[in-house]
$ cat work25.txt   # compact mmCIF, C-alpha atoms
# COMPACT_ATOMS: atom_id res chain seq x y z
CA MET D 1097 96.15 81.05 138.45
CA THR D 1098 96.37 80.45 134.72
CA GLU D 1099 99.36 81.67 132.77
CA PRO D 1100 98.61 84.39 130.20
CA ALA D 1101 98.71 83.14 126.63
CA PRO D 1102 102.05 83.83 124.97
CA ALA D 1103 102.05 86.79 122.60
CA LYS D 1104 101.40 85.72 119.03
CA PRO D 1105 104.45 86.42 116.87
CA SER D 1106 103.91 89.19 114.31
CA PRO D 1107 103.55 88.08 110.68
CA PHE D 1108 105.53 91.20 109.69
CA HIS D 1109 108.97 92.65 110.05
CA SER D 1110 109.00 96.33 111.07
CA LEU D 1111 111.83 97.87 109.06
CA LYS D 1112 113.54 101.25 109.16
CA VAL D 1113 113.56 103.18 105.89
CA LEU D 1114 117.15 103.98 104.87
CA TRP D 1115 116.54 106.28 101.90
CA VAL D 1116 113.87 107.48 99.47
CA LYS D 1117 114.35 108.70 95.89
CA HIS D 1118 111.56 110.44 93.97
CA TRP D 1119 111.87 109.99 90.20
CA THR D 1120 108.67 111.95 89.44
CA ASP D 1121 105.71 113.19 91.50
CA GLN D 1122 104.24 109.68 91.43
CA LEU D 1123 107.24 107.37 90.92
CA PHE D 1124 109.64 106.66 93.77
CA SER D 1125 112.13 104.14 95.14
CA PHE D 1126 112.98 103.38 98.74
CA ALA D 1127 115.20 101.02 100.67
CA CYS D 1128 114.84 99.41 104.09
CA GLU D 1129 117.02 97.54 106.50
CA ARG D 1130 117.25 93.83 105.77
CA PRO D 1131 116.49 91.47 108.66
CA ASP D 1132 119.38 89.10 109.37
CA ASP D 1133 117.18 86.04 108.87
CA PHE D 1134 115.41 87.19 105.68
CA ARG D 1135 116.21 85.06 102.63
CA PHE D 1136 114.80 85.37 99.11
CA ARG D 1137 115.52 84.49 95.50
CA SER D 1138 116.26 87.31 93.07
CA GLY D 1139 112.97 88.26 91.35
CA GLU D 1140 110.61 87.34 94.20
CA PHE D 1141 108.05 89.68 95.75
CA VAL D 1142 106.92 90.33 99.31
CA MET D 1143 104.03 92.11 101.03
CA ILE D 1144 104.75 95.72 102.04
CA GLY D 1145 102.57 97.98 104.16
CA LEU D 1146 102.38 100.74 106.74
CA PRO D 1147 101.11 100.62 110.31
CA ASP D 1148 97.51 101.83 110.64
CA PRO D 1149 97.54 105.15 112.57
CA ALA D 1150 94.23 104.14 114.15
CA GLY D 1151 95.63 100.82 115.33
CA GLY D 1152 93.64 98.73 112.85
CA LYS D 1153 94.79 96.06 110.45
CA PRO D 1154 97.55 97.32 108.14
CA ILE D 1155 96.97 97.52 104.40
CA LEU D 1156 99.56 95.57 102.42
CA ARG D 1157 100.39 95.21 98.74
CA ALA D 1158 102.73 92.93 96.80
CA TYR D 1159 106.06 94.52 95.85
CA SER D 1160 108.87 92.95 93.87
CA ILE D 1161 112.18 93.20 95.70
CA ALA D 1162 114.44 95.34 93.52
CA SER D 1163 117.60 94.19 95.32
CA PRO D 1164 119.49 91.03 94.37
CA HIS D 1165 119.44 88.19 96.90
CA TRP D 1166 122.91 89.08 98.20
CA ALA D 1167 122.23 92.77 98.96
CA GLU D 1168 122.47 94.16 102.50
CA GLU D 1169 119.40 96.40 102.06
CA LEU D 1170 115.97 95.79 100.54
CA GLU D 1171 115.03 98.13 97.69
CA PHE D 1172 111.56 98.71 96.21
CA LEU D 1173 110.06 100.71 93.32
CA SER D 1174 106.56 102.13 93.65
CA ILE D 1175 103.99 104.28 91.91
CA ALA D 1176 101.67 106.49 93.95
CA VAL D 1177 98.12 105.64 92.90
CA PRO D 1178 95.76 108.63 93.43
CA ASP D 1179 93.65 107.85 96.50
CA GLY D 1180 95.39 104.47 96.77
CA PRO D 1181 94.88 103.26 100.35
CA LEU D 1182 98.56 102.36 100.68
CA THR D 1183 100.60 104.21 98.07
CA SER D 1184 99.04 107.62 98.75
CA ARG D 1185 100.63 107.30 102.21
CA LEU D 1186 103.75 105.40 101.17
CA VAL D 1187 104.82 108.16 98.77
CA LYS D 1188 105.29 110.43 101.81
CA ILE D 1189 107.72 108.20 103.72
CA GLU D 1190 111.14 109.54 104.68
CA ALA D 1191 114.39 108.03 105.91
CA GLY D 1192 113.94 106.88 109.49
CA ASP D 1193 110.27 105.93 109.10
CA GLN D 1194 109.04 102.37 109.62
CA VAL D 1195 107.40 100.12 107.03
CA LEU D 1196 105.97 96.64 107.48
CA MET D 1197 107.17 93.69 105.41
CA GLY D 1198 105.76 90.18 105.26
CA LYS D 1199 108.10 87.36 106.23
CA LYS D 1200 107.45 85.07 103.25
CA PRO D 1201 108.80 86.10 99.85
CA THR D 1202 107.36 84.29 96.84
CA GLY D 1203 106.93 84.59 93.08
CA THR D 1204 107.61 83.04 89.69
CA LEU D 1205 110.07 85.60 88.24
CA VAL D 1206 113.02 83.49 89.31
CA LEU D 1207 115.68 81.64 87.37
CA ASP D 1208 114.49 78.36 88.90
CA ALA D 1209 111.22 78.64 86.93
CA LEU D 1210 112.97 78.74 83.55
CA THR D 1211 114.66 75.99 81.59
CA GLY D 1212 118.07 76.63 80.06
CA GLY D 1213 118.46 78.95 77.09
CA GLU D 1214 120.85 81.29 75.33
CA ARG D 1215 119.06 84.63 75.78
CA LEU D 1216 117.03 86.02 78.69
CA TRP D 1217 114.41 88.71 78.00
CA LEU D 1218 113.24 90.74 81.00
CA ILE D 1219 110.17 92.62 79.73
CA GLY D 1220 108.40 95.09 82.03
CA THR D 1221 106.11 98.10 82.01
CA GLY D 1222 106.14 100.85 84.65
CA THR D 1223 107.11 99.54 88.08
CA GLY D 1224 107.31 96.08 86.52
CA LEU D 1225 110.99 96.99 86.10
CA ALA D 1226 111.61 96.24 89.80
CA PRO D 1227 112.30 92.49 89.57
CA TRP D 1228 114.73 93.07 86.68
CA LEU D 1229 116.84 95.23 89.01
CA SER D 1230 117.16 92.12 91.14
CA VAL D 1231 117.63 89.52 88.41
CA ALA D 1232 120.10 91.68 86.43
CA ARG D 1233 122.36 92.02 89.49
CA ASP D 1234 122.44 88.28 90.20
CA PRO D 1235 125.67 86.57 89.05
CA ASP D 1236 123.71 83.37 88.32
CA THR D 1237 121.83 85.21 85.55
CA TYR D 1238 125.01 85.71 83.55
CA GLN D 1239 126.22 82.19 84.18
CA ARG D 1240 122.98 80.73 82.80
CA PHE D 1241 122.44 83.09 79.84
CA GLY D 1242 124.89 84.50 77.33
CA GLN D 1243 122.73 87.58 76.65
CA VAL D 1244 120.35 89.45 78.97
CA ILE D 1245 117.95 92.06 77.52
CA VAL D 1246 116.04 94.42 79.82
CA CYS D 1247 112.99 95.93 78.05
CA HIS D 1248 111.21 98.76 79.89
CA THR D 1249 108.10 100.47 78.49
CA VAL D 1250 106.72 103.66 80.08
CA ARG D 1251 104.41 106.52 79.12
CA ASN D 1252 106.85 109.42 79.50
CA VAL D 1253 110.63 109.70 79.31
CA ALA D 1254 110.77 110.85 82.94
CA ASP D 1255 109.27 107.50 83.94
CA LEU D 1256 112.39 105.62 82.77
CA ALA D 1257 113.58 105.04 86.33
CA TYR D 1258 117.05 103.49 86.54
CA ARG D 1259 117.81 104.37 82.91
CA ASP D 1260 121.30 105.60 83.86
CA PHE D 1261 121.85 102.54 86.01
CA PHE D 1262 121.10 100.09 83.20
CA THR D 1263 123.10 102.04 80.60
CA SER D 1264 126.21 102.61 82.72
CA GLY D 1265 125.87 102.31 86.50
CA ILE D 1266 125.54 98.53 86.55
CA HIS D 1267 128.92 98.31 84.81
CA ASP D 1268 130.49 99.35 88.14
CA ASP D 1269 128.63 96.70 90.14
CA PRO D 1270 131.12 94.77 92.32
CA LEU D 1271 129.69 91.36 91.41
CA VAL D 1272 128.34 91.64 87.86
CA GLY D 1273 130.02 94.74 86.42
CA ASP D 1274 132.16 92.98 83.83
CA GLU D 1275 129.41 90.50 82.92
CA SER D 1276 126.79 93.20 82.48
CA ARG D 1277 129.09 95.26 80.27
CA ALA D 1278 129.56 92.26 77.97
CA GLN D 1279 126.15 90.56 78.18
CA LEU D 1280 123.44 93.09 79.19
CA THR D 1281 121.38 95.18 76.76
CA TYR D 1282 118.91 97.86 77.92
CA TYR D 1283 115.97 98.57 75.58
CA PRO D 1284 113.55 101.32 76.73
CA THR D 1285 110.40 102.37 74.86
CA VAL D 1286 108.13 105.37 75.46
CA THR D 1287 104.48 105.53 74.41
CA ARG D 1288 103.41 109.17 74.89
CA GLU D 1289 106.45 111.27 73.96
CA ARG D 1290 108.96 111.44 71.14
CA PHE D 1291 111.69 108.86 71.69
CA GLU D 1292 114.22 106.94 69.61
CA THR D 1293 112.31 103.69 70.25
CA PRO D 1294 108.66 104.79 70.51
CA GLY D 1295 105.56 102.76 71.27
CA ARG D 1296 104.44 99.74 73.21
CA ILE D 1297 106.84 96.83 73.47
CA THR D 1298 104.18 94.49 72.10
CA ASP D 1299 103.84 96.63 68.95
CA ARG D 1300 107.60 96.57 68.48
CA ILE D 1301 107.58 92.78 68.83
CA ARG D 1302 104.78 92.41 66.26
CA SER D 1303 106.43 94.76 63.76
CA GLY D 1304 109.81 93.14 64.18
CA ASP D 1305 111.39 96.50 65.11
CA LEU D 1306 112.55 95.15 68.48
CA PHE D 1307 114.58 92.39 66.88
CA ALA D 1308 115.86 94.61 64.06
CA ASP D 1309 117.05 97.24 66.54
CA LEU D 1310 118.97 94.58 68.47
CA GLN D 1311 120.25 92.89 65.29
CA LEU D 1312 118.60 89.60 66.23
CA PRO D 1313 116.57 87.13 64.15
CA ILE D 1314 112.90 88.14 63.97
CA GLY D 1315 110.74 86.40 66.59
CA PHE D 1316 111.33 84.30 69.68
CA SER D 1317 112.92 80.86 69.52
CA PRO D 1318 111.79 78.09 71.91
CA ASN D 1319 115.34 76.76 71.74
CA ALA D 1320 117.20 79.99 72.46
CA ASP D 1321 114.89 82.52 74.16
CA ARG D 1322 113.64 82.60 77.73
CA VAL D 1323 111.33 85.42 78.87
CA MET D 1324 110.11 86.99 82.12
CA LEU D 1325 107.10 89.36 82.12
CA CYS D 1326 106.02 91.88 84.76
CA GLY D 1327 103.81 94.97 84.64
CA SER D 1328 100.38 95.80 83.27
CA MET D 1329 97.95 92.93 82.80
CA ALA D 1330 97.31 94.06 79.21
CA MET D 1331 101.00 93.79 78.33
CA ILE D 1332 101.42 90.46 80.10
CA LYS D 1333 98.38 88.93 78.37
CA GLU D 1334 99.33 90.20 74.90
CA THR D 1335 103.01 89.27 75.20
CA GLY D 1336 102.14 85.86 76.63
CA GLU D 1337 99.95 85.15 73.59
CA LEU D 1338 102.77 86.28 71.28
CA LEU D 1339 105.24 83.99 73.04
CA GLU D 1340 102.82 81.05 72.81
CA SER D 1341 102.43 81.73 69.08
CA TYR D 1342 106.19 81.25 68.71
CA GLY D 1343 106.00 77.95 70.57
CA LEU D 1344 107.23 79.07 74.00
CA ARG D 1345 105.65 77.35 77.01
CA GLU D 1346 104.79 79.03 80.32
CA GLY D 1347 106.76 77.78 83.31
CA SER D 1348 106.42 77.81 87.08
CA ASN D 1349 108.40 76.95 90.19
CA ALA D 1350 106.93 73.44 90.06
CA GLU D 1351 107.47 72.97 86.33
CA PRO D 1352 110.10 75.23 84.70
CA GLY D 1353 109.33 76.45 81.19
CA ASP D 1354 110.30 78.93 78.48
CA TYR D 1355 108.64 82.02 79.96
CA VAL D 1356 107.17 83.16 83.27
CA LEU D 1357 104.98 86.05 84.38
CA GLU D 1358 103.93 87.83 87.56
CA ARG D 1359 100.47 89.14 88.33
CA ALA D 1360 101.24 90.93 91.61
CA PHE D 1361 99.84 94.44 91.84
CA VAL D 1362 100.41 97.61 93.82
CA GLY D 1363 97.64 100.04 94.81

$ encode --input "work25.txt" --output "structure tokens"
Amino acid sequence: MTEPAPAKPSPFHSLKVLWVKHWTDQLFSFACERPDDFRFRSGEFVMIGLPDPAGGKPILRAYSIASPHWAEELEFLSIAVPDGPLTSRLVKIEAGDQVLMGKKPTGTLVLDALTGGERLWLIGTGTGLAPWLSVARDPDTYQRFGQVIVCHTVRNVADLAYRDFFTSGIHDDPLVGDESRAQLTYYPTVTRERFETPGRITDRIRSGDLFADLQLPIGFSPNADRVMLCGSMAMIKETGELLESYGLREGSNAEPGDYVLERAFVG
């Protein structure tokens, strides 16, 4: 009598949802339990999904982990895409529900992919803020860079998720509170409503307003500035071209450079 084949190990962790916060009707954050054996670098992403009610193959999408590598829970930021096969269901999750998470984190928005510099720019649109929540809470960030600037562009003021956290809450962080108070600058911009810093981040770079507002020399310096990009493809492409025009070179895990970008999407 032949032995039955051993069960194939699942490629996913099944994690309990700990909490959910809805910023707007479409924008929400949630946190899950962290498996004891799960390791990642701040800024990496992982595949997230939900079990298929019909028992079929689950639908998964790439999500940046919004927690720093030392956190006890795994936090994520998501937008609910109308009729999105995953997010239209994910927006309805509640504490106690189960989500699926891939076992292999990856990504280029990590300190390892950048060479040394004086100033770190974390530029994101929409839910592209998520990896900055991770990187900005990593003590290594403040050891490597004297100044850290989080730029977040959204359509409406209500979409500025974590605005209070970046302006004050992070100052109470047990690991980076003092460093963030001294070294972190938060720079939000809004494109569709009146706001003190209006418009797309790329327009504010081109006009020089970004640098003037922060009392910095106009433009990016290959010697001083290092940049991470996450969010809409249009922003990433345009900002990448601007950085190249200033002489910055794209980096990767294999070959660190002056700036890095992430093309992972949610839908």

$ closest_residue --input "work25.txt" --among "D:Met1197, D:Ile1161, D:Ile1297, D:Met1324" --to "Met1143 in chain D" --atoms "only C-alpha atoms"
D:Met1197

$ residues_near_point --input "work25.txt" --point "(108.3, 86.7, 114.7)" --cutoff "12 Å" --atoms "only C-alpha atoms" --output "VMD selection string"
chain D and resid 1103 to 1110 1131 1133 to 1134 1197 to 1200

$ atom_distance --input "work25.txt" --atom1 "CA of Phe1124 in chain D" --atom2 "CA of Arg1300 in chain D"
27.3 Å

$ residues_around --input "work25.txt" --residues "Gly1295 in chain D" --least-positions-apart "6" --cutoff "12 Å" --atoms "all atoms listed in the file" --output "list in words"
Thr1221, His1248, Thr1249, Val1250, Arg1251, Asn1252, Val1253, Pro1284, Thr1285, Val1286, Thr1287, Arg1288, Glu1289, Ile1301, Arg1302, Ser1303, Asp1305 and Leu1306 of chain D

$ residues_around --input "work25.txt" --residues "Leu1339 in chain D" --least-positions-apart "4" --cutoff "8 Å" --atoms "all atoms listed in the file" --output "VMD selection string"
chain D and resid 1316 1335 1343 to 1345 1355

$ closest_residue --input "work25.txt" --among "D:Glu1334, D:Leu1210, D:Leu1225, D:Val1246" --to "Ala1350 in chain D" --atoms "all atoms listed in the file"
D:Leu1210

$ residues_near_point --input "work25.txt" --point "(123.7, 79.7, 80.2)" --cutoff "6 Å" --atoms "all atoms listed in the file" --output "PyMOL selection string"
chain D and resi 1214+1239-1242

$ residues_around --input "work25.txt" --residues "Leu1156 in chain D" --least-positions-apart "6" --cutoff "12 Å" --atoms "only C-alpha atoms" --output "list in words"
Pro1107, Phe1108, Val1142, Met1143, Ile1144, Gly1145, Leu1146, Pro1147, Asp1148, Gly1180, Pro1181, Leu1182, Thr1183, Arg1185, Leu1186, Val1195, Leu1196, Met1197, Gly1198, Ala1360, Phe1361, Val1362 and Gly1363 of chain D

$ closest_residue --input "work25.txt" --among "D:Gln1122, D:Asp1255, D:Ala1191, D:Val1244" --to "Asp1179 in chain D" --atoms "only C-alpha atoms"
D:Gln1122

$ decode --input "work25.txt" --residues "range 1195-1305 of chain D" --atoms "C-alpha atoms" --output "PDB file, in the first residue's frame"
ATOM      1  CA  VAL D1195      -6.127  37.587   5.145  1.00  0.00           C
ATOM      2  CA  LEU D1196      -3.511  35.727   3.143  1.00  0.00           C
ATOM      3  CA  MET D1197       0.081  36.930   2.910  1.00  0.00           C
ATOM      4  CA  GLY D1198       2.888  35.609   0.743  1.00  0.00           C
ATOM      5  CA  LYS D1199       5.976  34.333   2.529  1.00  0.00           C
ATOM      6  CA  LYS D1200       8.602  36.171   0.464  1.00  0.00           C
ATOM      7  CA  PRO D1201       8.926  39.935   0.898  1.00  0.00           C
ATOM      8  CA  THR D1202      10.869  41.785  -1.787  1.00  0.00           C
ATOM      9  CA  GLY D1203      11.386  45.240  -3.277  1.00  0.00           C
ATOM     10  CA  THR D1204      13.853  48.004  -4.062  1.00  0.00           C
ATOM     11  CA  LEU D1205      12.645  50.717  -1.644  1.00  0.00           C
ATOM     12  CA  VAL D1206      15.256  49.712   0.903  1.00  0.00           C
ATOM     13  CA  LEU D1207      18.274  51.497   2.321  1.00  0.00           C
ATOM     14  CA  ASP D1208      20.517  48.749   0.917  1.00  0.00           C
ATOM     15  CA  ALA D1209      19.710  49.911  -2.634  1.00  0.00           C
ATOM     16  CA  LEU D1210      21.012  53.447  -2.048  1.00  0.00           C
ATOM     17  CA  THR D1211      24.545  54.730  -1.740  1.00  0.00           C
ATOM     18  CA  GLY D1212      25.419  57.112   1.071  1.00  0.00           C
ATOM     19  CA  GLY D1213      24.152  60.688   1.063  1.00  0.00           C
ATOM     20  CA  GLU D1214      23.202  63.603   3.272  1.00  0.00           C
ATOM     21  CA  ARG D1215      19.473  63.873   2.550  1.00  0.00           C
ATOM     22  CA  LEU D1216      16.827  61.195   1.905  1.00  0.00           C
ATOM     23  CA  TRP D1217      13.703  62.118  -0.082  1.00  0.00           C
ATOM     24  CA  LEU D1218      10.731  59.752   0.248  1.00  0.00           C
ATOM     25  CA  ILE D1219       8.350  60.845  -2.532  1.00  0.00           C
ATOM     26  CA  GLY D1220       4.965  59.138  -2.864  1.00  0.00           C
ATOM     27  CA  THR D1221       1.480  59.616  -4.269  1.00  0.00           C
ATOM     28  CA  GLY D1222      -1.674  58.096  -2.772  1.00  0.00           C
ATOM     29  CA  THR D1223      -1.018  54.739  -1.121  1.00  0.00           C
ATOM     30  CA  GLY D1224       2.605  55.087  -2.240  1.00  0.00           C
ATOM     31  CA  LEU D1225       3.036  56.598   1.229  1.00  0.00           C
ATOM     32  CA  ALA D1226       3.009  53.102   2.767  1.00  0.00           C
ATOM     33  CA  PRO D1227       6.719  52.247   2.446  1.00  0.00           C
ATOM     34  CA  TRP D1228       7.673  55.634   3.927  1.00  0.00           C
ATOM     35  CA  LEU D1229       5.796  54.676   7.103  1.00  0.00           C
ATOM     36  CA  SER D1230       8.211  51.773   7.325  1.00  0.00           C
ATOM     37  CA  VAL D1231      11.420  53.544   6.301  1.00  0.00           C
ATOM     38  CA  ALA D1232      10.709  56.618   8.468  1.00  0.00           C
ATOM     39  CA  ARG D1233      10.369  54.432  11.577  1.00  0.00           C
ATOM     40  CA  ASP D1234      13.642  52.576  10.994  1.00  0.00           C
ATOM     41  CA  PRO D1235      16.516  53.806  13.209  1.00  0.00           C
ATOM     42  CA  ASP D1236      19.005  52.993  10.414  1.00  0.00           C
ATOM     43  CA  THR D1237      17.401  55.709   8.260  1.00  0.00           C
ATOM     44  CA  TYR D1238      18.451  58.427  10.695  1.00  0.00           C
ATOM     45  CA  GLN D1239      21.905  56.977  11.173  1.00  0.00           C
ATOM     46  CA  ARG D1240      22.550  57.041   7.411  1.00  0.00           C
ATOM     47  CA  PHE D1241      20.949  60.402   6.556  1.00  0.00           C
ATOM     48  CA  GLY D1242      21.055  63.715   8.375  1.00  0.00           C
ATOM     49  CA  GLN D1243      17.721  64.859   6.899  1.00  0.00           C
ATOM     50  CA  VAL D1244      14.676  62.800   5.867  1.00  0.00           C
ATOM     51  CA  ILE D1245      11.886  64.442   3.816  1.00  0.00           C
ATOM     52  CA  VAL D1246       8.545  62.667   3.329  1.00  0.00           C
ATOM     53  CA  CYS D1247       6.633  64.094   0.328  1.00  0.00           C
ATOM     54  CA  HIS D1248       3.022  62.930  -0.073  1.00  0.00           C
ATOM     55  CA  THR D1249       0.814  64.072  -2.965  1.00  0.00           C
ATOM     56  CA  VAL D1250      -2.941  63.336  -2.985  1.00  0.00           C
ATOM     57  CA  ARG D1251      -6.050  64.630  -4.735  1.00  0.00           C
ATOM     58  CA  ASN D1252      -8.031  65.777  -1.690  1.00  0.00           C
ATOM     59  CA  VAL D1253      -7.038  66.893   1.806  1.00  0.00           C
ATOM     60  CA  ALA D1254      -8.941  63.971   3.327  1.00  0.00           C
ATOM     61  CA  ASP D1255      -6.591  61.614   1.466  1.00  0.00           C
ATOM     62  CA  LEU D1256      -3.592  62.779   3.530  1.00  0.00           C
ATOM     63  CA  ALA D1257      -3.565  59.598   5.594  1.00  0.00           C
ATOM     64  CA  TYR D1258      -1.092  59.677   8.482  1.00  0.00           C
ATOM     65  CA  ARG D1259      -0.760  63.468   8.274  1.00  0.00           C
ATOM     66  CA  ASP D1260      -1.012  63.779  12.072  1.00  0.00           C
ATOM     67  CA  PHE D1261       1.435  60.930  12.515  1.00  0.00           C
ATOM     68  CA  PHE D1262       4.131  62.549  10.378  1.00  0.00           C
ATOM     69  CA  THR D1263       3.626  66.024  11.877  1.00  0.00           C
ATOM     70  CA  SER D1264       3.562  64.966  15.528  1.00  0.00           C
ATOM     71  CA  GLY D1265       2.801  61.314  16.315  1.00  0.00           C
ATOM     72  CA  ILE D1266       6.144  59.965  15.140  1.00  0.00           C
ATOM     73  CA  HIS D1267       7.847  62.254  17.664  1.00  0.00           C
ATOM     74  CA  ASP D1268       6.574  59.891  20.383  1.00  0.00           C
ATOM     75  CA  ASP D1269       7.918  56.772  18.664  1.00  0.00           C
ATOM     76  CA  PRO D1270       9.933  54.700  21.176  1.00  0.00           C
ATOM     77  CA  LEU D1271      12.823  54.101  18.766  1.00  0.00           C
ATOM     78  CA  VAL D1272      13.017  57.154  16.493  1.00  0.00           C
ATOM     79  CA  GLY D1273      11.065  59.855  18.328  1.00  0.00           C
ATOM     80  CA  ASP D1274      14.002  62.144  19.080  1.00  0.00           C
ATOM     81  CA  GLU D1275      15.619  61.551  15.685  1.00  0.00           C
ATOM     82  CA  SER D1276      12.421  62.249  13.767  1.00  0.00           C
ATOM     83  CA  ARG D1277      11.815  65.466  15.685  1.00  0.00           C
ATOM     84  CA  ALA D1278      15.278  66.711  14.697  1.00  0.00           C
ATOM     85  CA  GLN D1279      15.698  65.197  11.221  1.00  0.00           C
ATOM     86  CA  LEU D1280      12.271  64.482   9.636  1.00  0.00           C
ATOM     87  CA  THR D1281      10.299  66.923   7.481  1.00  0.00           C
ATOM     88  CA  TYR D1282       6.784  66.179   6.200  1.00  0.00           C
ATOM     89  CA  TYR D1283       5.770  67.896   2.939  1.00  0.00           C
ATOM     90  CA  PRO D1284       2.201  67.193   1.714  1.00  0.00           C
ATOM     91  CA  THR D1285       0.705  68.543  -1.518  1.00  0.00           C
ATOM     92  CA  VAL D1286      -2.920  68.453  -2.713  1.00  0.00           C
ATOM     93  CA  THR D1287      -3.959  68.651  -6.366  1.00  0.00           C
ATOM     94  CA  ARG D1288      -7.752  69.156  -6.346  1.00  0.00           C
ATOM     95  CA  GLU D1289      -8.482  71.374  -3.338  1.00  0.00           C
ATOM     96  CA  ARG D1290      -7.137  74.590  -1.854  1.00  0.00           C
ATOM     97  CA  PHE D1291      -4.051  73.853   0.224  1.00  0.00           C
ATOM     98  CA  GLU D1292      -0.973  75.709   1.451  1.00  0.00           C
ATOM     99  CA  THR D1293       1.238  73.637  -0.873  1.00  0.00           C
ATOM    100  CA  PRO D1294      -0.989  72.931  -3.895  1.00  0.00           C
ATOM    101  CA  GLY D1295      -0.310  70.877  -6.996  1.00  0.00           C
ATOM    102  CA  ARG D1296       1.625  67.859  -8.141  1.00  0.00           C
ATOM    103  CA  ILE D1297       4.982  67.217  -6.537  1.00  0.00           C
ATOM    104  CA  THR D1298       6.622  67.103  -9.967  1.00  0.00           C
ATOM    105  CA  ASP D1299       5.332  70.619 -10.753  1.00  0.00           C
ATOM    106  CA  ARG D1300       6.699  71.885  -7.446  1.00  0.00           C
ATOM    107  CA  ILE D1301      10.071  70.319  -8.252  1.00  0.00           C
ATOM    108  CA  ARG D1302      10.157  71.927 -11.713  1.00  0.00           C
ATOM    109  CA  SER D1303       9.142  75.365 -10.413  1.00  0.00           C
ATOM    110  CA  GLY D1304      11.603  75.212  -7.551  1.00  0.00           C
ATOM    111  CA  ASP D1305       8.796  75.807  -5.019  1.00  0.00           C
TER     112      ASP D1305
END
